[in-house]
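Q: Below is a structure I'd like to ask you about.
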Amino acid sequence: MMVIPFLGVSGALGAALAGRRSLALALWAVSLLALLLLFHQHASDALNLTF
């Protein structure tokens, strides 16, 4: 699952190098949203600690 934001950022970089600014910004925004959603899922997960 963590590969999704990195692929999106790579695609945004490729689009920026190709001169497609709007596509690059859209891919970057989607990647940032995916990263934030994955972080929220990870950070709000309950810890099952047993001592």
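Naming works like this for the structure tokens: A, B, ... for the chains as they're shown, residue 1 at the start of each chain, ligands 1 onward in shown order.
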Just the residues within 10 Å of Gly11 in chain A, please, counting only C-alpha atoms, with nothing from its chain fewer than 4 positions along; format it as a list in words.
A: Pro5, Phe6, Leu7, Ala15, Ala16, Leu17, Leu23, Ala24, Leu27, Trp28 and Ser31 of chain A
Q: Can you write out the residues you just picked, keeping N, CA and C atoms, as an mmCIF file, in the first residue's frame?
A:
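Written output follows (out28.cif):
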```cif
data_model
loop_
_atom_site.group_PDB
_atom_site.id
_atom_site.type_symbol
_atom_site.label_atom_id
_atom_site.label_comp_id
_atom_site.auth_asym_id
_atom_site.auth_seq_id
_atom_site.Cartn_x
_atom_site.Cartn_y
_atom_site.Cartn_z
ATOM 1 N N PRO A 5 1.665 6.204 -2.901
ATOM 2 C CA PRO A 5 2.087 7.612 -2.939
ATOM 3 C C PRO A 5 3.398 7.821 -3.695
ATOM 4 N N PHE A 6 4.323 6.881 -3.587
ATOM 5 C CA PHE A 6 5.601 7.038 -4.269
ATOM 6 C C PHE A 6 5.449 6.917 -5.788
ATOM 7 N N LEU A 7 4.587 6.046 -6.230
ATOM 8 C CA LEU A 7 4.319 5.957 -7.668
ATOM 9 C C LEU A 7 3.640 7.219 -8.177
ATOM 10 N N ALA A 15 5.404 13.849 -15.271
ATOM 11 C CA ALA A 15 4.510 14.793 -15.953
ATOM 12 C C ALA A 15 5.100 16.200 -15.936
ATOM 13 N N ALA A 16 5.747 16.573 -14.836
ATOM 14 C CA ALA A 16 6.364 17.900 -14.764
ATOM 15 C C ALA A 16 7.515 18.016 -15.759
ATOM 16 N N LEU A 17 8.306 16.970 -15.878
ATOM 17 C CA LEU A 17 9.411 16.995 -16.834
ATOM 18 C C LEU A 17 8.909 17.012 -18.276
ATOM 19 N N LEU A 23 -1.423 18.107 -14.912
ATOM 20 C CA LEU A 23 -1.391 16.682 -14.574
ATOM 21 C C LEU A 23 -0.429 16.428 -13.423
ATOM 22 N N ALA A 24 0.715 17.109 -13.432
ATOM 23 C CA ALA A 24 1.692 16.947 -12.363
ATOM 24 C C ALA A 24 1.105 17.398 -11.027
ATOM 25 N N LEU A 27 -1.562 14.798 -9.887
ATOM 26 C CA LEU A 27 -0.955 13.571 -9.367
ATOM 27 C C LEU A 27 -0.310 13.803 -8.007
ATOM 28 N N TRP A 28 0.331 14.965 -7.840
ATOM 29 C CA TRP A 28 0.949 15.283 -6.563
ATOM 30 C C TRP A 28 -0.112 15.406 -5.471
ATOM 31 N N SER A 31 -1.437 11.994 -4.566
ATOM 32 C CA SER A 31 -0.419 11.271 -3.796
ATOM 33 C C SER A 31 -0.374 11.763 -2.357
#
```
Q: For CA of Met2 in chain A and CA of Ala34 in chain A, quote the distance in Å rounded to one decimal.
A: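 Going from CA of Met2 in chain A over to CA of Ala34 in chain A, I get 9.0 Å.
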Q: Quick check, in Å to one decimal: how far apart do CA of Leu32 in chain A and CA of Val9 in chain A lie?
A: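 Separation between CA of Leu32 in chain A and CA of Val9 in chain A: 8.5 Å.
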Q: Which residues in chain A does DSSP call alpha helix (DSSP H)? List them as a ChimeraX atom specification.
A: /A:3-17,21-43
Q: CA of Ala43 in chain A to CA of Ile4 in chain A: how many Å, to one decimal?
A: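 Those two atoms sit 17.9 Å apart.
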